[in-house]
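File shown here: start_31.cif, holding mmCIF, C-alpha atoms.
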```
data_my_file
loop_
_atom_site.group_PDB
_atom_site.id
_atom_site.type_symbol
_atom_site.label_atom_id
_atom_site.label_comp_id
_atom_site.auth_asym_id
_atom_site.auth_seq_id
_atom_site.Cartn_x
_atom_site.Cartn_y
_atom_site.Cartn_z
ATOM 1 C CA MET A 95 2.404 -30.708 -8.987
ATOM 2 C CA ALA A 96 3.813 -28.809 -11.980
ATOM 3 C CA GLU A 97 0.322 -28.402 -13.425
ATOM 4 C CA LEU A 98 -1.048 -27.111 -10.120
ATOM 5 C CA LEU A 99 1.798 -24.655 -9.560
ATOM 6 C CA GLY A 100 1.607 -23.574 -13.190
ATOM 7 C CA ALA A 101 -2.068 -22.743 -12.698
ATOM 8 C CA VAL A 102 -1.162 -20.738 -9.597
ATOM 9 C CA SER A 103 1.430 -18.829 -11.617
ATOM 10 C CA LEU A 104 -1.277 -17.850 -14.115
ATOM 11 C CA ALA A 105 -3.158 -16.307 -11.206
ATOM 12 C CA THR A 106 -0.083 -14.449 -9.985
ATOM 13 C CA ASP A 107 0.389 -13.097 -13.510
ATOM 14 C CA LEU A 108 -3.057 -11.538 -13.147
ATOM 15 C CA GLY A 109 -2.244 -10.296 -9.668
ATOM 16 C CA THR A 110 0.942 -8.540 -10.773
ATOM 17 C CA GLY A 111 -0.233 -7.056 -14.052
ATOM 18 C CA GLN A 112 1.824 -9.386 -16.239
ATOM 19 C CA PRO A 113 0.698 -11.087 -19.461
ATOM 20 C CA GLN A 114 -0.502 -14.658 -19.401
ATOM 21 C CA PHE A 115 2.226 -17.317 -19.119
ATOM 22 C CA HIS A 116 4.838 -14.860 -17.862
ATOM 23 C CA GLY A 117 5.453 -17.009 -14.772
ATOM 24 C CA VAL A 118 5.403 -20.182 -16.842
ATOM 25 C CA ARG A 119 8.051 -18.810 -19.210
ATOM 26 C CA THR A 120 10.111 -17.678 -16.243
ATOM 27 C CA SER A 121 10.007 -21.192 -14.804
ATOM 28 C CA VAL A 122 11.228 -22.740 -18.057
ATOM 29 C CA LEU A 123 14.197 -20.390 -18.164
ATOM 30 C CA ALA A 124 14.880 -20.909 -14.444
ATOM 31 C CA ALA A 125 14.978 -24.687 -14.949
ATOM 32 C CA ALA A 126 17.394 -24.251 -17.861
ATOM 33 C CA LEU A 127 19.665 -22.030 -15.768
ATOM 34 C CA ALA A 128 19.595 -24.520 -12.896
ATOM 35 C CA GLY A 129 20.653 -27.269 -15.282
ATOM 36 C CA ARG A 130 23.392 -25.088 -16.741
ATOM 37 C CA LEU A 131 24.712 -24.488 -13.218
ATOM 38 C CA GLY A 132 24.938 -28.227 -12.592
ATOM 39 C CA LEU A 133 21.997 -28.864 -10.270
ATOM 40 C CA ASP A 134 20.578 -32.379 -10.126
ATOM 41 C CA ALA A 135 16.986 -33.235 -11.043
ATOM 42 C CA VAL A 136 15.633 -32.493 -7.566
ATOM 43 C CA GLY A 137 17.427 -29.161 -7.513
ATOM 44 C CA VAL A 138 16.161 -28.192 -10.955
ATOM 45 C CA ALA A 139 12.589 -29.052 -9.971
ATOM 46 C CA ALA A 140 12.892 -26.962 -6.801
ATOM 47 C CA VAL A 141 14.165 -23.951 -8.739
ATOM 48 C CA GLN A 142 11.327 -24.280 -11.226
ATOM 49 C CA GLN A 143 8.819 -24.343 -8.377
ATOM 50 C CA VAL A 144 10.355 -21.227 -6.811
ATOM 51 C CA ALA A 145 10.014 -19.436 -10.141
ATOM 52 C CA LEU A 146 6.359 -20.465 -10.447
ATOM 53 C CA LEU A 147 5.478 -19.443 -6.885
ATOM 54 C CA ARG A 148 7.670 -16.394 -6.286
ATOM 55 C CA PHE A 149 4.670 -14.042 -6.414
ATOM 56 C CA LEU A 150 2.318 -16.244 -4.420
ATOM 57 C CA GLY A 151 2.121 -13.517 -1.772
ATOM 58 C CA CYS A 152 1.409 -10.723 -4.255
ATOM 59 C CA THR A 153 -2.198 -10.230 -3.137
ATOM 60 C CA ALA A 154 -1.277 -9.834 0.548
ATOM 61 C CA ASP A 155 -1.463 -6.033 0.479
ATOM 62 C CA ALA A 156 -3.133 -5.345 -2.870
ATOM 63 C CA TRP A 157 -5.720 -3.060 -1.324
ATOM 64 C CA GLU A 158 -3.005 -0.965 0.345
ATOM 65 C CA THR A 159 -1.125 -0.679 -2.934
ATOM 66 C CA ALA A 160 -4.317 0.352 -4.715
ATOM 67 C CA ARG A 161 -4.954 3.034 -2.120
ATOM 68 C CA MET A 162 -1.385 4.346 -2.329
ATOM 69 C CA THR A 163 -1.401 4.531 -6.123
ATOM 70 C CA GLY A 164 -4.847 6.023 -6.629
ATOM 71 C CA GLY A 165 -6.738 2.836 -7.426
ATOM 72 C CA ASP A 166 -4.790 0.898 -10.065
ATOM 73 C CA ASP A 167 -2.499 -1.497 -8.226
ATOM 74 C CA LEU A 168 -1.950 -3.639 -11.333
ATOM 75 C CA ALA A 169 -0.647 -0.750 -13.432
ATOM 76 C CA PHE A 170 1.687 0.199 -10.611
ATOM 77 C CA LEU A 171 3.057 -3.325 -10.195
ATOM 78 C CA ALA A 172 3.526 -3.730 -13.943
ATOM 79 C CA GLY A 173 5.272 -0.363 -14.158
ATOM 80 C CA MET A 174 7.631 -1.136 -11.291
ATOM 81 C CA ALA A 175 8.449 -4.707 -12.349
ATOM 82 C CA PRO A 176 11.306 -3.865 -14.751
ATOM 83 C CA VAL A 177 13.114 -1.780 -12.110
ATOM 84 C CA ALA A 178 12.361 -3.817 -8.974
ATOM 85 C CA MET A 179 15.938 -5.122 -8.969
ATOM 86 C CA GLY A 180 17.449 -1.890 -10.240
ATOM 87 C CA GLY A 181 19.076 0.962 -8.369
ATOM 88 C CA LYS A 182 17.243 3.358 -6.075
ATOM 89 C CA PRO A 183 17.283 6.305 -8.556
ATOM 90 C CA GLU A 184 15.822 4.041 -11.255
ATOM 91 C CA MET A 185 13.111 2.846 -8.895
ATOM 92 C CA GLY A 186 12.348 6.395 -7.769
ATOM 93 C CA ARG A 187 11.833 7.605 -11.314
ATOM 94 C CA ALA A 188 9.547 4.677 -12.080
ATOM 95 C CA LEU A 189 7.515 5.318 -8.933
ATOM 96 C CA VAL A 190 6.952 8.960 -9.890
ATOM 97 C CA ARG A 191 5.881 7.894 -13.389
ATOM 98 C CA THR A 192 3.419 5.242 -12.260
ATOM 99 C CA VAL A 193 1.807 6.431 -9.023
ATOM 100 C CA GLY A 194 -1.462 8.204 -9.779
ATOM 101 C CA ALA A 195 -1.045 7.939 -13.547
ATOM 102 C CA GLY A 196 -4.184 9.248 -15.254
ATOM 103 C CA ARG A 197 -5.389 11.163 -12.198
ATOM 104 C CA ALA A 198 -5.882 14.917 -12.034
ATOM 105 C CA PRO A 199 -2.566 16.771 -11.536
ATOM 106 C CA LEU A 200 -3.219 17.844 -7.945
ATOM 107 C CA ARG A 201 -4.469 14.395 -6.950
ATOM 108 C CA ARG A 202 -1.498 12.752 -8.611
ATOM 109 C CA ALA A 203 0.936 15.117 -6.899
ATOM 110 C CA ALA A 204 -0.580 14.252 -3.531
ATOM 111 C CA LEU A 205 -0.330 10.517 -4.231
ATOM 112 C CA VAL A 206 3.308 10.761 -5.340
ATOM 113 C CA ALA A 207 4.167 12.848 -2.284
ATOM 114 C CA GLY A 208 2.529 10.283 -0.035
ATOM 115 C CA ALA A 209 4.412 7.411 -1.648
ATOM 116 C CA LEU A 210 7.756 9.212 -1.405
ATOM 117 C CA ALA A 211 7.061 10.085 2.237
ATOM 118 C CA ASP A 212 6.985 6.387 3.146
ATOM 119 C CA PRO A 213 10.534 5.153 2.421
ATOM 120 C CA ALA A 214 9.899 1.938 4.354
ATOM 121 C CA GLY A 215 6.886 1.084 2.202
ATOM 122 C CA ALA A 216 8.758 -1.169 -0.220
ATOM 123 C CA ARG A 217 10.395 -3.182 2.560
ATOM 124 C CA ARG A 218 7.086 -3.581 4.407
ATOM 125 C CA SER A 219 5.186 -4.610 1.288
ATOM 126 C CA LEU A 220 7.713 -7.019 -0.200
ATOM 127 C CA SER A 221 8.493 -8.593 3.170
ATOM 128 C CA ALA A 222 4.786 -9.305 3.606
ATOM 129 C CA HIS A 223 4.716 -10.885 0.153
ATOM 130 C CA CYS A 224 7.557 -13.212 1.143
ATOM 131 C CA GLU A 225 5.936 -14.205 4.423
ATOM 132 C CA VAL A 226 2.578 -14.986 2.833
ATOM 133 C CA ALA A 227 4.182 -16.862 -0.074
ATOM 134 C CA ALA A 228 6.098 -19.139 2.276
ATOM 135 C CA MET A 229 3.014 -19.879 4.384
ATOM 136 C CA LEU A 230 0.799 -20.668 1.407
ATOM 137 C CA ALA A 231 3.540 -22.722 -0.246
ATOM 138 C CA GLU A 232 3.750 -24.977 2.807
ATOM 139 C CA ARG A 233 0.058 -25.753 2.358
ATOM 140 C CA LEU A 234 0.654 -26.485 -1.311
ATOM 141 C CA GLY A 235 2.981 -29.287 -0.242
ATOM 142 C CA VAL A 236 6.306 -28.073 -1.656
ATOM 143 C CA SER A 237 9.660 -28.854 -0.060
ATOM 144 C CA ALA A 238 11.365 -26.948 2.727
ATOM 145 C CA THR A 239 13.976 -25.797 0.195
ATOM 146 C CA VAL A 240 11.297 -24.122 -1.908
ATOM 147 C CA ARG A 241 9.605 -22.572 1.127
ATOM 148 C CA GLU A 242 12.894 -21.147 2.394
ATOM 149 C CA ALA A 243 13.578 -19.577 -0.983
ATOM 150 C CA LEU A 244 10.116 -18.022 -1.155
ATOM 151 C CA ALA A 245 10.593 -16.576 2.337
ATOM 152 C CA HIS A 246 13.517 -14.602 0.851
ATOM 153 C CA GLY A 247 12.034 -13.893 -2.559
ATOM 154 C CA TYR A 248 13.329 -10.324 -2.903
ATOM 155 C CA GLU A 249 16.883 -10.682 -1.630
ATOM 156 C CA ARG A 250 19.748 -9.344 -3.741
ATOM 157 C CA TRP A 251 23.324 -10.471 -4.295
ATOM 158 C CA ASP A 252 24.618 -7.166 -2.867
ATOM 159 C CA GLY A 253 22.597 -7.432 0.350
ATOM 160 C CA ALA A 254 20.206 -4.590 -0.459
ATOM 161 C CA GLY A 255 17.109 -6.786 -0.797
ATOM 162 C CA PHE A 256 14.232 -7.937 1.377
ATOM 163 C CA PRO A 257 13.196 -9.161 3.861
ATOM 164 C CA ASP A 258 16.512 -9.810 5.655
ATOM 165 C CA GLY A 259 19.236 -8.176 3.586
ATOM 166 C CA LEU A 260 20.996 -11.463 2.852
ATOM 167 C CA ALA A 261 24.002 -11.167 0.553
ATOM 168 C CA GLY A 262 26.013 -13.369 -1.773
ATOM 169 C CA GLU A 263 25.688 -17.098 -1.354
ATOM 170 C CA ALA A 264 23.609 -16.592 1.801
ATOM 171 C CA VAL A 265 20.715 -15.848 -0.561
ATOM 172 C CA PRO A 266 18.983 -19.162 -1.364
ATOM 173 C CA LEU A 267 20.104 -20.415 -4.757
ATOM 174 C CA GLY A 268 16.510 -20.796 -5.936
ATOM 175 C CA VAL A 269 15.986 -17.066 -5.391
ATOM 176 C CA ARG A 270 19.229 -16.125 -7.122
ATOM 177 C CA ILE A 271 18.162 -18.074 -10.183
ATOM 178 C CA ALA A 272 14.470 -17.136 -10.164
ATOM 179 C CA VAL A 273 15.213 -13.402 -9.851
ATOM 180 C CA VAL A 274 17.443 -13.430 -12.930
ATOM 181 C CA ALA A 275 15.062 -15.667 -14.883
ATOM 182 C CA ARG A 276 12.067 -13.468 -14.100
ATOM 183 C CA ASP A 277 13.776 -10.237 -15.076
ATOM 184 C CA ALA A 278 15.309 -11.838 -18.165
ATOM 185 C CA ALA A 279 11.880 -13.013 -19.343
ATOM 186 C CA LEU A 280 10.429 -9.574 -18.644
ATOM 187 C CA TRP A 281 13.173 -7.592 -20.388
ATOM 188 C CA TRP A 282 13.132 -9.974 -23.359
ATOM 189 C CA ARG A 283 9.615 -8.686 -24.032
ATOM 190 C CA VAL A 284 10.860 -5.105 -23.800
ATOM 191 C CA GLY A 285 13.540 -5.851 -26.375
ATOM 192 C CA PRO A 286 16.383 -8.373 -26.803
ATOM 193 C CA ALA A 287 18.805 -5.489 -27.404
ATOM 194 C CA GLN A 288 18.197 -4.086 -23.907
ATOM 195 C CA TRP A 289 18.010 -7.543 -22.381
ATOM 196 C CA GLY A 290 21.740 -8.181 -22.250
ATOM 197 C CA GLU A 291 22.504 -4.635 -21.125
ATOM 198 C CA VAL A 292 20.237 -4.964 -18.093
ATOM 199 C CA LEU A 293 21.686 -8.324 -17.075
ATOM 200 C CA ARG A 294 25.255 -7.059 -17.347
ATOM 201 C CA ALA A 295 24.472 -3.822 -15.499
ATOM 202 C CA ARG A 296 22.986 -5.700 -12.542
ATOM 203 C CA ARG A 297 25.608 -8.462 -12.513
ATOM 204 C CA GLY A 298 27.286 -8.503 -9.116
ATOM 205 C CA ARG A 299 24.745 -6.034 -7.746
ATOM 206 C CA ALA A 300 21.237 -7.445 -7.694
ATOM 207 C CA TYR A 301 22.228 -10.647 -9.501
ATOM 208 C CA ASP A 302 24.574 -13.527 -8.778
ATOM 209 C CA PRO A 303 27.346 -13.210 -11.435
ATOM 210 C CA ALA A 304 27.351 -16.963 -12.103
ATOM 211 C CA VAL A 305 23.601 -16.959 -12.780
ATOM 212 C CA VAL A 306 23.925 -13.978 -15.120
ATOM 213 C CA ASP A 307 26.685 -15.719 -17.052
ATOM 214 C CA ALA A 308 24.517 -18.824 -17.394
ATOM 215 C CA CYS A 309 21.601 -16.708 -18.578
ATOM 216 C CA LEU A 310 23.702 -14.879 -21.157
ATOM 217 C CA ALA A 311 24.819 -18.270 -22.445
ATOM 218 C CA VAL A 312 21.477 -20.066 -22.758
ATOM 219 C CA GLY A 313 18.816 -17.384 -22.260
ATOM 220 C CA PRO A 314 18.425 -16.244 -25.885
ATOM 221 C CA GLU A 315 17.891 -19.803 -27.099
ATOM 222 C CA VAL A 316 15.399 -20.657 -24.349
ATOM 223 C CA LEU A 317 13.411 -17.426 -24.588
ATOM 224 C CA GLY A 318 13.491 -17.472 -28.374
ATOM 225 C CA SER A 319 12.161 -21.036 -28.469
ATOM 226 C CA LEU A 320 9.294 -20.069 -26.156
ATOM 227 C CA GLU A 321 8.093 -17.596 -28.772
ATOM 228 C CA GLU A 322 7.590 -20.496 -31.171
ATOM 229 C CA SER A 323 6.274 -23.177 -28.794
ATOM 230 C CA ASP A 324 3.485 -23.801 -26.305
ATOM 231 C CA PRO A 325 4.808 -22.384 -23.005
ATOM 232 C CA TRP A 326 2.600 -24.663 -20.934
ATOM 233 C CA GLU A 327 3.960 -27.787 -22.591
ATOM 234 C CA ALA A 328 7.476 -26.389 -22.290
ATOM 235 C CA MET A 329 6.919 -25.944 -18.554
ATOM 236 C CA LEU A 330 5.763 -29.545 -18.139
ATOM 237 C CA SER A 331 8.706 -30.809 -20.162
ATOM 238 C CA ALA A 332 11.145 -28.764 -18.074
ATOM 239 C CA ASP A 333 10.051 -30.527 -14.866
ATOM 240 C CA PRO A 334 12.594 -33.346 -14.394
ATOM 241 C CA VAL A 335 10.868 -35.011 -11.433
ATOM 242 C CA GLY A 336 7.150 -35.088 -12.198
ATOM 243 C CA ALA A 337 6.062 -34.961 -8.565
ATOM 244 C CA VAL A 338 2.417 -35.924 -7.995
ATOM 245 C CA ILE A 339 -0.031 -34.373 -5.565
ATOM 246 C CA ALA A 340 -3.014 -36.531 -4.615
ATOM 247 C CA GLY A 341 -5.459 -37.460 -1.879
ATOM 248 C CA PRO A 342 -5.789 -35.055 1.072
ATOM 249 C CA GLY A 343 -2.967 -32.990 -0.392
ATOM 250 C CA VAL A 344 -5.260 -31.847 -3.182
ATOM 251 C CA ASP A 345 -7.804 -30.380 -0.764
ATOM 252 C CA ALA A 346 -5.093 -28.654 1.285
ATOM 253 C CA ALA A 347 -3.560 -27.180 -1.858
ATOM 254 C CA LEU A 348 -6.893 -25.945 -3.218
ATOM 255 C CA ALA A 349 -7.666 -24.345 0.151
ATOM 256 C CA ALA A 350 -4.348 -22.474 -0.116
ATOM 257 C CA VAL A 351 -5.231 -21.323 -3.635
ATOM 258 C CA ALA A 352 -8.621 -20.149 -2.354
ATOM 259 C CA ASP A 353 -7.007 -18.098 0.401
ATOM 260 C CA PHE A 354 -4.582 -16.603 -2.129
ATOM 261 C CA ALA A 355 -7.520 -15.416 -4.237
ATOM 262 C CA ASP A 356 -9.449 -14.087 -1.233
ATOM 263 C CA LEU A 357 -6.469 -12.025 -0.012
ATOM 264 C CA LYS A 358 -7.004 -9.600 -2.895
ATOM 265 C CA SER A 359 -9.370 -7.591 -0.700
ATOM 266 C CA PRO A 360 -10.124 -7.475 3.052
ATOM 267 C CA TRP A 361 -13.790 -7.845 2.120
ATOM 268 C CA THR A 362 -13.274 -11.258 0.497
ATOM 269 C CA ARG A 363 -10.998 -12.956 3.047
ATOM 270 C CA GLY A 364 -12.469 -16.324 3.959
ATOM 271 C CA HIS A 365 -15.087 -16.105 1.215
ATOM 272 C CA SER A 366 -14.048 -19.159 -0.822
ATOM 273 C CA PRO A 367 -13.824 -21.584 2.146
ATOM 274 C CA ARG A 368 -17.295 -20.478 3.218
ATOM 275 C CA VAL A 369 -18.601 -21.150 -0.292
ATOM 276 C CA ALA A 370 -16.999 -24.596 -0.132
ATOM 277 C CA GLU A 371 -18.618 -25.361 3.232
ATOM 278 C CA LEU A 372 -22.037 -24.316 1.937
ATOM 279 C CA ALA A 373 -21.606 -26.450 -1.176
ATOM 280 C CA THR A 374 -20.524 -29.422 0.940
ATOM 281 C CA ALA A 375 -23.447 -29.060 3.315
ATOM 282 C CA ALA A 376 -25.927 -28.762 0.455
ATOM 283 C CA ALA A 377 -24.524 -31.829 -1.297
ATOM 284 C CA ARG A 378 -24.728 -33.921 1.858
ATOM 285 C CA HIS A 379 -28.255 -32.716 2.546
ATOM 286 C CA LEU A 380 -29.240 -33.898 -0.934
ATOM 287 C CA GLY A 381 -27.679 -37.297 -0.296
ATOM 288 C CA MET A 382 -25.119 -37.023 -3.052
ATOM 289 C CA ALA A 383 -22.348 -39.590 -3.359
ATOM 290 C CA PRO A 384 -19.050 -38.887 -1.523
ATOM 291 C CA ASP A 385 -17.172 -38.258 -4.772
ATOM 292 C CA ALA A 386 -19.751 -35.680 -5.815
ATOM 293 C CA VAL A 387 -19.563 -34.004 -2.408
ATOM 294 C CA THR A 388 -15.770 -33.787 -2.700
ATOM 295 C CA SER A 389 -16.045 -32.343 -6.209
ATOM 296 C CA LEU A 390 -18.496 -29.669 -5.086
ATOM 297 C CA ARG A 391 -16.272 -28.738 -2.165
ATOM 298 C CA ARG A 392 -13.273 -28.347 -4.443
ATOM 299 C CA ALA A 393 -15.336 -26.330 -6.895
ATOM 300 C CA GLY A 394 -16.306 -24.010 -4.038
ATOM 301 C CA LEU A 395 -12.663 -23.471 -3.135
ATOM 302 C CA VAL A 396 -11.644 -22.420 -6.635
ATOM 303 C CA HIS A 397 -14.870 -20.863 -7.936
ATOM 304 C CA ASP A 398 -13.141 -17.491 -8.426
#
```
Since I need it in another form, could you write the structure as structure tokens?
Amino acid sequence: MAELLGAVSLATDLGTGQPQFHGVRTSVLAAALAGRLGLDAVGVAAVQQVALLRFLGCTADAWETARMTGGDDLAFLAGMAPVAMGGKPEMGRALVRTVGAGRAPLRRAALVAGALADPAGARRSLSAHCEVAAMLAERLGVSATVREALAHGYERWDGAGFPDGLAGEAVPLGVRIAVVARDAALWWRVGPAQWGEVLRARRGRAYDPAVVDACLAVGPEVLGSLEESDPWEAMLSADPVGAVIAGPGVDAALAAVADFADLKSPWTRGHSPRVAELATAAARHLGMAPDAVTSLRRAGLVHD
């Protein structure tokens, strides 16, 4: 399961404009924070899975984001990532900087004006991400605890998040930990000096104070060690349960991954399952063995 969800996180890195292994590193830190906070093995594994899958719904409205920003949805998402859990003025400044970047001045001005004229856009977009993530995660075979956390992936400690404005301990613990771990991993790349400042500034606002304190205590060691080690192996080692996905669950999970990929554009929705059906039909027509038919079907689901 960890290997499958780690592979999905590599895809969400691509879908959100982040460097390779960003989600994997986030999951390692999230697992360390969960352990620091006293969670048992099952709890730690659930938190790690939330961190790996938090952006599973990121392709749900990619085409709308591309249209709003003048074509480059990835640059916009990457530019907004550091301030997504910041204050409204901080987010507003980042939006003005990133929307329409590189376009002609008049075109860029029109794009920025359009984005600012839709104050409900962030809520609508991020709520859709949460809904899609929870639905796809169910098909991946994760626990109800993980699905519930993903359904509230952008909630904040102060109640100003999405989709439901949950506050304090009403926010699922997996989200509270994953949000801090993700931003900590992101700001560590920006610079360790700013890293602590951001965590302290958002403590008690966007972030659970207890999670911030845990991150300040163990974060530098964990993130520093990831610079010297293989993040993929670190992710596998951080999984305390080692859950296995097999049999029919593999096909269901790959179908969910295929739908995630196809959501990138309205023109590709349903494309991968159709490829899989064609491959399956062709293999059966040729009289291939059942194992070969299954392999071709799975290849069709993940060909992109």
Counting only C-alpha atoms, which residue out of A:Pro199, A:Pro266, A:Gly165, A:Pro325 sits closest to Ser121 (chain A)?
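Of A:Pro199, A:Pro266, A:Gly165, A:Pro325, the one nearest Ser121 (chain A) is A:Pro325, counting only C-alpha atoms.
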How many Å lie between CA of Glu242 (chain A) and CA of Arg148 (chain A), rounded to one decimal?
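Computed distance, CA of Glu242 (chain A) to CA of Arg148 (chain A), equals 11.2 Å.
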With a distance cut-off of 6 Å and all atoms listed in the file, select the neighbouring residues of region 252-255 of chain A, excluding the residue or stretch itself and same-chain residues fewer than 4 positions from it, and output the selection as number ranges by chain.
A: 248, 259-261, 299-300
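Compared by their closest atoms to Arg233 (chain A), and using all atoms listed in the file, the residues A:Ala346, A:Val351, A:Ala332, A:Leu99 rank with A:Ala346 nearest.
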List every protein, DNA or RNA residue that has an atom no more than 8 Å from (15.9, -18.6, -12.5) in the file's coordinate frame, counting only C-alpha atoms, and report them as a PyMOL selection string.
chain A and resi 120-121+123-128+141-142+145+268-276+305
Quick check on the file I pasted: which residues fall under the PyMOL selection byres ((chain A and resi 335) around 9)? Write them as a PyMOL selection string.
chain A and resi 135-136+138-139+333-334+336-337
Just the number, please: distance in Å from CA of Arg391 (chain A) to CA of Thr374 (chain A), one decimal.
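Distance reported for this atom pair: 5.3 Å.
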Expansion of the PyMOL selection byres ((chain A and resi 229) around 10) into residues, as an MDAnalysis selection string:
chainID A and resid 150:151 224:228 230:234 241 244:245 350
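A straight line drawn from CA of Gly111 (chain A) to CA of Ala172 (chain A) is 5.0 Å long.
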Translate the PyMOL selection byres ((chain A and resi 355) around 12) into a concrete residue list for this structure, as a CSV table (one decimal) with C-alpha atoms, keeping the file's coordinate frame.
```csv
chain,number,residue,atom,x,y,z
A,102,VAL,CA,-1.2,-20.7,-9.6
A,104,LEU,CA,-1.3,-17.8,-14.1
A,105,ALA,CA,-3.2,-16.3,-11.2
A,106,THR,CA,-0.1,-14.4,-10.0
A,108,LEU,CA,-3.1,-11.5,-13.1
A,109,GLY,CA,-2.2,-10.3,-9.7
A,150,LEU,CA,2.3,-16.2,-4.4
A,151,GLY,CA,2.1,-13.5,-1.8
A,152,CYS,CA,1.4,-10.7,-4.3
A,153,THR,CA,-2.2,-10.2,-3.1
A,154,ALA,CA,-1.3,-9.8,0.5
A,156,ALA,CA,-3.1,-5.3,-2.9
A,230,LEU,CA,0.8,-20.7,1.4
A,348,LEU,CA,-6.9,-25.9,-3.2
A,349,ALA,CA,-7.7,-24.3,0.2
A,350,ALA,CA,-4.3,-22.5,-0.1
A,351,VAL,CA,-5.2,-21.3,-3.6
A,352,ALA,CA,-8.6,-20.1,-2.4
A,353,ASP,CA,-7.0,-18.1,0.4
A,354,PHE,CA,-4.6,-16.6,-2.1
A,356,ASP,CA,-9.4,-14.1,-1.2
A,357,LEU,CA,-6.5,-12.0,0.0
A,358,LYS,CA,-7.0,-9.6,-2.9
A,359,SER,CA,-9.4,-7.6,-0.7
A,360,PRO,CA,-10.1,-7.5,3.1
A,361,TRP,CA,-13.8,-7.8,2.1
A,362,THR,CA,-13.3,-11.3,0.5
A,363,ARG,CA,-11.0,-13.0,3.0
A,364,GLY,CA,-12.5,-16.3,4.0
A,365,HIS,CA,-15.1,-16.1,1.2
A,366,SER,CA,-14.0,-19.2,-0.8
A,367,PRO,CA,-13.8,-21.6,2.1
A,395,LEU,CA,-12.7,-23.5,-3.1
A,396,VAL,CA,-11.6,-22.4,-6.6
A,397,HIS,CA,-14.9,-20.9,-7.9
A,398,ASP,CA,-13.1,-17.5,-8.4
```
Just checking: using all atoms listed in the file, which residue out of A:Met95, A:Leu280, A:Leu189, A:Ala216 ends up closest to Ala169 (chain A)?
A:Leu189
Please report, as lines of an AutoDock Vina configuration file, the centre and edge lengths in Å to one decimal of an axis-aligned box covering all listed atoms of region 301-317 of chain A with 3 Å per side.
```
center_x = 20.4
center_y = -15.7
center_z = -17.9
size_x = 19.9
size_y = 16.0
size_z = 24.3
```
Would you mind completing region 103-114 of chain A to N, CA and C atoms and writing the output as a compact mmCIF listing (two decimals), in the coordinates of the input?
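Saved result, rebuild.txt, follows:
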```
# COMPACT_ATOMS: atom_id res chain seq x y z
N SER A 103 0.63 -19.90 -11.01
CA SER A 103 1.43 -18.83 -11.62
C SER A 103 0.60 -18.00 -12.59
N LEU A 104 -0.38 -18.62 -13.25
CA LEU A 104 -1.28 -17.85 -14.12
C LEU A 104 -2.06 -16.83 -13.30
N ALA A 105 -2.44 -17.23 -12.08
CA ALA A 105 -3.16 -16.31 -11.21
C ALA A 105 -2.25 -15.19 -10.73
N THR A 106 -0.99 -15.51 -10.43
CA THR A 106 -0.08 -14.45 -9.98
C THR A 106 0.27 -13.51 -11.13
N ASP A 107 0.24 -14.01 -12.36
CA ASP A 107 0.39 -13.10 -13.51
C ASP A 107 -0.71 -12.03 -13.48
N LEU A 108 -1.93 -12.48 -13.23
CA LEU A 108 -3.06 -11.54 -13.15
C LEU A 108 -2.87 -10.58 -11.97
N GLY A 109 -2.39 -11.11 -10.87
CA GLY A 109 -2.24 -10.30 -9.67
C GLY A 109 -1.11 -9.30 -9.71
N THR A 110 -0.19 -9.45 -10.67
CA THR A 110 0.94 -8.54 -10.77
C THR A 110 0.95 -7.74 -12.07
N GLY A 111 -0.14 -7.85 -12.83
CA GLY A 111 -0.23 -7.06 -14.05
C GLY A 111 0.64 -7.55 -15.19
N GLN A 112 0.99 -8.82 -15.19
CA GLN A 112 1.82 -9.39 -16.24
C GLN A 112 0.98 -10.17 -17.24
N PRO A 113 1.46 -10.33 -18.46
CA PRO A 113 0.70 -11.09 -19.46
C PRO A 113 0.66 -12.57 -19.12
N GLN A 114 -0.33 -13.24 -19.66
CA GLN A 114 -0.50 -14.66 -19.40
C GLN A 114 0.75 -15.45 -19.78
```
